[in-house]
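Text of the file data06.pdb, holding PDB, C-alpha atoms and all ligand atoms:
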ATOM      1  CA  MET V   1     137.166  98.509 -98.191
ATOM      2  CA  GLU V   2     136.752 100.363 -94.874
ATOM      3  CA  ARG V   3     139.084 103.251 -94.084
ATOM      4  CA  THR V   4     140.041 104.509 -90.660
ATOM      5  CA  PHE V   5     141.940 107.468 -89.229
ATOM      6  CA  VAL V   6     145.000 107.139 -86.987
ATOM      7  CA  MET V   7     147.061 109.927 -85.437
ATOM      8  CA  ILE V   8     150.410 109.384 -83.729
ATOM      9  CA  LYS V   9     150.486 111.821 -80.800
ATOM     10  CA  PRO V  10     153.357 114.149 -79.729
ATOM     11  CA  ASP V  11     154.469 111.809 -76.901
ATOM     12  CA  ALA V  12     155.149 108.966 -79.345
ATOM     13  CA  ILE V  13     157.139 111.261 -81.631
ATOM     14  CA  GLN V  14     159.210 112.559 -78.665
ATOM     15  CA  ARG V  15     159.809 108.975 -77.529
ATOM     16  CA  ASN V  16     160.938 107.739 -80.981
ATOM     17  CA  LEU V  17     158.053 105.278 -81.247
ATOM     18  CA  VAL V  18     156.801 106.305 -84.692
ATOM     19  CA  GLY V  19     158.359 103.381 -86.561
ATOM     20  CA  GLU V  20     157.227 100.913 -83.921
ATOM     21  CA  VAL V  21     153.608 102.083 -84.115
ATOM     22  CA  ILE V  22     153.437 102.172 -87.916
ATOM     23  CA  SER V  23     155.108  98.788 -88.089
ATOM     24  CA  ARG V  24     152.335  97.164 -86.038
ATOM     25  CA  PHE V  25     149.647  98.301 -88.475
ATOM     26  CA  GLU V  26     151.718  97.232 -91.478
ATOM     27  CA  LYS V  27     152.474  93.803 -90.047
ATOM     28  CA  LYS V  28     148.807  93.228 -89.200
ATOM     29  CA  GLY V  29     147.959  93.629 -92.877
ATOM     30  CA  LEU V  30     146.347  97.063 -92.855
ATOM     31  CA  LYS V  31     147.136  99.151 -95.918
ATOM     32  CA  LEU V  32     148.552 102.670 -95.527
ATOM     33  CA  ILE V  33     146.815 105.038 -97.958
ATOM     34  CA  ALA V  34     147.717 108.504 -96.564
ATOM     35  CA  MET V  35     150.217 110.015 -94.134
ATOM     36  CA  LYS V  36     151.595 113.421 -93.131
ATOM     37  CA  MET V  37     153.257 115.232 -90.216
ATOM     38  CA  ILE V  38     151.339 118.296 -89.029
ATOM     39  CA  GLN V  39     151.272 120.834 -86.209
ATOM     40  CA  LEU V  40     147.769 121.053 -84.719
ATOM     41  CA  ASP V  41     146.159 124.312 -83.574
ATOM     42  CA  ASP V  42     143.204 125.264 -81.350
ATOM     43  CA  ASN V  43     140.702 125.314 -84.228
ATOM     44  CA  ILE V  44     141.268 121.770 -85.380
ATOM     45  CA  LEU V  45     141.553 120.432 -81.804
ATOM     46  CA  ASN V  46     138.276 122.053 -80.741
ATOM     47  CA  GLU V  47     136.667 120.274 -83.663
ATOM     48  CA  HIS V  48     138.480 116.939 -83.303
ATOM     49  CA  TYR V  49     137.842 116.688 -79.535
ATOM     50  CA  LYS V  50     134.456 118.468 -79.532
ATOM     51  CA  HIS V  51     132.916 115.725 -77.344
ATOM     52  CA  HIS V  52     135.469 116.607 -74.634
ATOM     53  CA  VAL V  53     135.076 120.415 -74.694
ATOM     54  CA  GLY V  54     134.217 121.568 -71.144
ATOM     55  CA  LYS V  55     135.659 118.512 -69.399
ATOM     56  CA  PRO V  56     138.273 119.251 -66.696
ATOM     57  CA  PHE V  57     141.089 117.643 -68.686
ATOM     58  CA  PHE V  58     140.300 119.436 -71.963
ATOM     59  CA  PRO V  59     142.753 122.398 -71.608
ATOM     60  CA  GLU V  60     145.580 119.996 -70.716
ATOM     61  CA  LEU V  61     144.645 117.726 -73.657
ATOM     62  CA  VAL V  62     144.801 120.638 -76.110
ATOM     63  CA  LYS V  63     148.139 121.813 -74.659
ATOM     64  CA  PHE V  64     149.572 118.298 -75.005
ATOM     65  CA  MET V  65     148.313 117.834 -78.556
ATOM     66  CA  LYS V  66     149.892 121.197 -79.549
ATOM     67  CA  SER V  67     153.200 120.497 -77.760
ATOM     68  CA  GLY V  68     154.788 119.079 -80.919
ATOM     69  CA  PRO V  69     153.867 117.670 -84.294
ATOM     70  CA  VAL V  70     151.559 114.703 -84.843
ATOM     71  CA  ILE V  71     151.450 112.206 -87.698
ATOM     72  CA  ALA V  72     148.050 111.818 -89.296
ATOM     73  CA  SER V  73     147.346 108.710 -91.346
ATOM     74  CA  VAL V  74     144.623 106.734 -93.077
ATOM     75  CA  TRP V  75     144.594 102.930 -93.074
ATOM     76  CA  GLU V  76     142.428 100.663 -95.175
ATOM     77  CA  GLY V  77     141.257  97.131 -94.459
ATOM     78  CA  LYS V  78     138.281  94.908 -93.786
ATOM     79  CA  ASP V  79     136.664  96.154 -90.543
ATOM     80  CA  ALA V  80     139.621  98.537 -90.275
ATOM     81  CA  THR V  81     138.185 100.651 -87.438
ATOM     82  CA  THR V  82     137.522  97.708 -85.114
ATOM     83  CA  VAL V  83     140.839  96.069 -85.962
ATOM     84  CA  VAL V  84     142.795  99.288 -85.310
ATOM     85  CA  ARG V  85     141.011 100.020 -82.014
ATOM     86  CA  LYS V  86     141.945  96.536 -80.845
ATOM     87  CA  LEU V  87     145.592  97.053 -81.785
ATOM     88  CA  VAL V  88     145.558 100.426 -79.989
ATOM     89  CA  GLY V  89     144.013  99.217 -76.706
ATOM     90  CA  SER V  90     141.875 101.030 -74.139
ATOM     91  CA  THR V  91     142.343 104.739 -73.345
ATOM     92  CA  ASN V  92     144.310 104.442 -70.103
ATOM     93  CA  GLY V  93     147.694 102.909 -70.893
ATOM     94  CA  ARG V  94     147.921 101.456 -67.401
ATOM     95  CA  ASN V  95     144.762  99.388 -67.960
ATOM     96  CA  ALA V  96     145.296  98.658 -71.652
ATOM     97  CA  GLU V  97     145.872  95.035 -72.557
ATOM     98  CA  SER V  98     149.506  93.914 -72.837
ATOM     99  CA  GLY V  99     150.273  93.372 -76.490
ATOM    100  CA  SER V 100     148.274  96.425 -77.543
ATOM    101  CA  ILE V 101     150.123  99.627 -78.478
ATOM    102  CA  ARG V 102     148.947 101.527 -75.393
ATOM    103  CA  GLY V 103     149.341  98.435 -73.226
ATOM    104  CA  ASP V 104     152.956  98.076 -74.275
ATOM    105  CA  TYR V 105     154.058 101.727 -74.473
ATOM    106  CA  SER V 106     151.895 103.950 -72.266
ATOM    107  CA  MET V 107     151.602 104.562 -68.515
ATOM    108  CA  SER V 108     149.030 107.336 -68.863
ATOM    109  CA  VAL V 109     145.361 108.120 -69.551
ATOM    110  CA  SER V 110     146.351 111.159 -71.621
ATOM    111  CA  LYS V 111     149.892 110.560 -72.930
ATOM    112  CA  ASN V 112     148.681 107.448 -74.681
ATOM    113  CA  ILE V 113     150.672 107.392 -77.932
ATOM    114  CA  ILE V 114     147.919 107.345 -80.491
ATOM    115  CA  HIS V 115     144.430 108.377 -81.564
ATOM    116  CA  ALA V 116     142.179 106.059 -83.554
ATOM    117  CA  SER V 117     138.619 106.580 -84.822
ATOM    118  CA  ASP V 118     135.901 104.988 -82.683
ATOM    119  CA  SER V 119     133.462 104.066 -85.516
ATOM    120  CA  PRO V 120     133.440 103.921 -89.326
ATOM    121  CA  GLU V 121     131.252 107.062 -89.367
ATOM    122  CA  THR V 122     133.662 108.993 -87.128
ATOM    123  CA  ALA V 123     136.510 107.697 -89.289
ATOM    124  CA  GLU V 124     135.064 109.259 -92.458
ATOM    125  CA  GLU V 125     134.504 112.542 -90.595
ATOM    126  CA  GLU V 126     138.069 112.530 -89.234
ATOM    127  CA  ILE V 127     139.631 111.572 -92.572
ATOM    128  CA  SER V 128     137.978 114.535 -94.282
ATOM    129  CA  ARG V 129     138.973 116.823 -91.394
ATOM    130  CA  PHE V 130     142.672 116.031 -91.865
ATOM    131  CA  PHE V 131     143.082 115.072 -95.547
ATOM    132  CA  ARG V 132     142.046 116.428 -98.914
ATOM    133  CA  SER V 133     140.802 113.687-101.238
ATOM    134  CA  GLU V 134     143.890 113.992-103.507
ATOM    135  CA  GLU V 135     146.153 113.205-100.514
ATOM    136  CA  ILE V 136     144.636 109.728-100.211
ATOM    137  CA  ILE V 137     146.224 107.219-102.572
ATOM    138  CA  ASP V 138     144.263 104.263-103.910
ATOM    139  CA  TRP V 139     147.274 102.046-104.713
ATOM    140  CA  LYS V 140     147.182  98.351-105.623
ATOM    141  CA  ARG V 141     148.798  96.067-103.066
ATOM    142  CA  GLU V 142     150.156  92.929-104.718
ATOM    143  CA  LEU V 143     150.094  91.003-101.433
ATOM    144  CA  ASP V 144     146.336  91.317-100.896
ATOM    145  CA  SER V 145     145.605  87.746-102.011
ATOM    146  CA  TYR V 146     147.859  86.498 -99.183
ATOM    147  CA  ILE V 147     146.209  88.726 -96.599
ATOM    148  CA  TYR V 148     142.517  88.065 -97.397
ATOM    149  CA  ASN V 149     140.508  85.234 -98.914
ATOM    150  CA  LYS V 150     138.357  85.931-102.012
ATOM    151  CA  GLU V 151     135.178  86.572-100.017
ATOM    152  CA  GLU V 152     136.904  89.059 -97.754
ATOM    153  CA  ILE V 153     138.274  91.325-100.484
TER
HETATM  154  P1  LIG P 201     140.280 107.337 -76.958
HETATM  155  O1  LIG P 201     141.501 108.113 -77.414
HETATM  156  O2  LIG P 201     140.657 106.016 -76.357
HETATM  157  O3  LIG P 201     139.222 107.230 -78.015
HETATM  158  P2  LIG P 201     138.622 109.351 -75.693
HETATM  159  O4  LIG P 201     137.693 109.107 -74.548
HETATM  160  O5  LIG P 201     138.018 109.621 -77.031
HETATM  161  O6  LIG P 201     139.656 108.152 -75.730
HETATM  162  O7  LIG P 201     139.541 110.594 -75.252
HETATM  163  C1  LIG P 201     140.343 111.267 -76.185
HETATM  164  C2  LIG P 201     141.681 111.556 -75.552
HETATM  165  O8  LIG P 201     141.514 112.469 -74.456
HETATM  166  C3  LIG P 201     142.380 110.331 -74.936
HETATM  167  O9  LIG P 201     143.063 109.537 -75.878
HETATM  168  C4  LIG P 201     143.306 110.990 -73.950
HETATM  169  O10 LIG P 201     144.472 111.515 -74.586
HETATM  170  C5  LIG P 201     142.446 112.147 -73.424
HETATM  171  N1  LIG P 201     141.693 111.756 -72.213
HETATM  172  C6  LIG P 201     140.577 110.977 -72.161
HETATM  173  N2  LIG P 201     140.146 110.822 -70.904
HETATM  174  C7  LIG P 201     141.013 111.524 -70.126
HETATM  175  C8  LIG P 201     141.101 111.771 -68.698
HETATM  176  O11 LIG P 201     140.272 111.292 -67.894
HETATM  177  N3  LIG P 201     142.128 112.561 -68.276
HETATM  178  C9  LIG P 201     143.050 113.098 -69.128
HETATM  179  N4  LIG P 201     143.000 112.905 -70.477
HETATM  180  C10 LIG P 201     141.998 112.123 -70.967
HETATM  181 MG    MG P 202     138.022 108.695 -78.909
END

Target format structure tokens, applied to this file:
Amino acid sequence: MERTFVMIKPDAIQRNLVGEVISRFEKKGLKLIAMKMIQLDDNILNEHYKHHVGKPFFPELVKFMKSGPVIASVWEGKDATTVVRKLVGSTNGRNAESGSIRGDYSMSVSKNIIHASDSPETAEEEISRFFRSEEIIDWKRELDSYIYNKEEI
């Protein structure tokens, strides 16, 4: 089953939206297989946002992402990356579709609640950046037969 990486950003933690965000993934039927609260530093942010290094907003992005803890998590499901990106919505909260997490909770292009991997390849890279293999739990979910049909599992 595909795995994807999700990080709840400092703005969501400050705004008490952690439960709300996690709840959306749970209710959709994604399976939580790893989670921890961490304080990011320059090293990991330079790596995680390497495609944005040098852009005008990069220093502000790093400052924001270090302003408080984040919650890193791994979710498993069929086509998990695509499904999660859809639930998250587009980058700018003001343009994000209503019903998506950013569309419902963000007014900003930067303070946008959540990070989610943009492809299955990026997801694997991000998962190994933030989690050791023993922190990821391969547990059996009894409800799976109500969430997927036989061909989908
Ligand atoms: P994504 O989070 O939707 O994948 P990316 O383009 O990968 O968007 O950008 C990573 C993060 O950098 C965004 O979530 C946002 O916090 C920040 N960011 C992106 N574009 C801008 C911008 O134009 N101004 C300020 N911050 C930005
Ligand atoms: Mg991105």

* What do you get, as a ChimeraX atom specification, if you spell out every residue that the PyMOL selection byres (((chain V and resi 40-57) around 10) and not hetatm) selects here? -> /V:37-39,58-63,65-70,110,125-126,129-130

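Of the residues under consideration (V:Arg85, V:Lys111, V:Lys150, V:Arg94), V:Arg85 shows the shortest atom-to-atom contact distance to ligand MG 202 (chain P) when counting all atoms listed in the file.
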
Test item: the PyMOL selection byres (((not hetatm)) within 12 of (chain P and resi 202)) resolved as a VMD selection string | chain V and resid 5 to 7 48 to 52 81 85 88 to 92 109 to 110 112 114 to 119 122 to 123 126

Go ahead and write the residues just picked, C-alpha atoms, as a compact mmCIF listing (two decimals), in the frame of the given file.
# COMPACT_ATOMS: atom_id res chain seq x y z
CA PHE V 5 141.94 107.47 -89.23
CA VAL V 6 145.00 107.14 -86.99
CA MET V 7 147.06 109.93 -85.44
CA HIS V 48 138.48 116.94 -83.30
CA TYR V 49 137.84 116.69 -79.54
CA LYS V 50 134.46 118.47 -79.53
CA HIS V 51 132.92 115.72 -77.34
CA HIS V 52 135.47 116.61 -74.63
CA THR V 81 138.18 100.65 -87.44
CA ARG V 85 141.01 100.02 -82.01
CA VAL V 88 145.56 100.43 -79.99
CA GLY V 89 144.01 99.22 -76.71
CA SER V 90 141.88 101.03 -74.14
CA THR V 91 142.34 104.74 -73.34
CA ASN V 92 144.31 104.44 -70.10
CA VAL V 109 145.36 108.12 -69.55
CA SER V 110 146.35 111.16 -71.62
CA ASN V 112 148.68 107.45 -74.68
CA ILE V 114 147.92 107.34 -80.49
CA HIS V 115 144.43 108.38 -81.56
CA ALA V 116 142.18 106.06 -83.55
CA SER V 117 138.62 106.58 -84.82
CA ASP V 118 135.90 104.99 -82.68
CA SER V 119 133.46 104.07 -85.52
CA THR V 122 133.66 108.99 -87.13
CA ALA V 123 136.51 107.70 -89.29
CA GLU V 126 138.07 112.53 -89.23

Note to self: Need the shell around Lys28 of chain V: protein/DNA/RNA residues with any atom at most 12 Å away, counting only C-alpha atoms. Skip same-chain ones fewer than 5 positions apart. Format as a list in words?
What the structure shows: Val21, Ile22, Ser23, Trp75, Glu76, Gly77, Lys78, Ala80, Val83, Val84, Lys86, Leu87, Ile147 and Tyr148 of chain V

Do a neighbour search on Leu17 of chain V at 9 Å with only C-alpha atoms, toss out local chain neighbours closer than 5 positions, and write the hits as a PyMOL selection string.
chain V and resi 11-12+22+105+113

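Using only C-alpha atoms for every distance, the candidate list V:Ile33, V:Leu143, V:Ile8, V:Ala96 yields V:Ile33 as the residue closest to Val74 of chain V.
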
Taking every listed atom of ligand LIG 201 (chain P) and adding 4 Å to each side, what centre and edge lengths in Å (one decimal) does the axis-aligned box have, as AutoDock Vina command-line options?
--center_x 141.1 --center_y 109.6 --center_z -73.0 --size_x 14.8 --size_y 15.1 --size_z 18.1

Compute the distance from (148.7, 101.0, -96.9) to each atom, counting all atoms listed in the file, keep the residues with any atom at most 10 Å away, and return them as a compact mmCIF listing (two decimals) with C-alpha atoms, in the coordinates of the input; use the coordinates of the file.
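And here is the file that came out, part05.txt:
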# COMPACT_ATOMS: atom_id res chain seq x y z
CA PHE V 25 149.65 98.30 -88.48
CA GLU V 26 151.72 97.23 -91.48
CA GLY V 29 147.96 93.63 -92.88
CA LEU V 30 146.35 97.06 -92.86
CA LYS V 31 147.14 99.15 -95.92
CA LEU V 32 148.55 102.67 -95.53
CA ILE V 33 146.82 105.04 -97.96
CA ALA V 34 147.72 108.50 -96.56
CA MET V 35 150.22 110.02 -94.13
CA SER V 73 147.35 108.71 -91.35
CA VAL V 74 144.62 106.73 -93.08
CA TRP V 75 144.59 102.93 -93.07
CA GLU V 76 142.43 100.66 -95.18
CA GLY V 77 141.26 97.13 -94.46
CA ILE V 137 146.22 107.22 -102.57
CA ASP V 138 144.26 104.26 -103.91
CA TRP V 139 147.27 102.05 -104.71
CA LYS V 140 147.18 98.35 -105.62
CA ARG V 141 148.80 96.07 -103.07

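The smallest atom-to-atom distance between ligand LIG 201 (chain P) and any of V:Thr82, V:Asn95, V:Ser108, V:Gln14, using all atoms listed in the file, is found for V:Ser108.
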
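Counting only C-alpha atoms, the residue from V:Ser100, V:Glu124, V:Tyr146, V:Arg15 that sits nearest to Arg3 of chain V is V:Glu124.
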
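Ranking V:Asn149, V:Ser106, V:Ser133, V:Ser128 by their shortest atom-to-atom distance to ligand LIG 201 (chain P), with all atoms listed in the file included, puts V:Ser106 first.
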
Among V:Met107, V:Asp144, V:Gly99, V:Ile127, ligand LIG 201 (chain P) is approached most closely, using all atoms listed in the file, by V:Met107

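Separating atom CA of Ile71 of chain V from atom CA of Lys9 of chain V is a distance of 7.0 Å.
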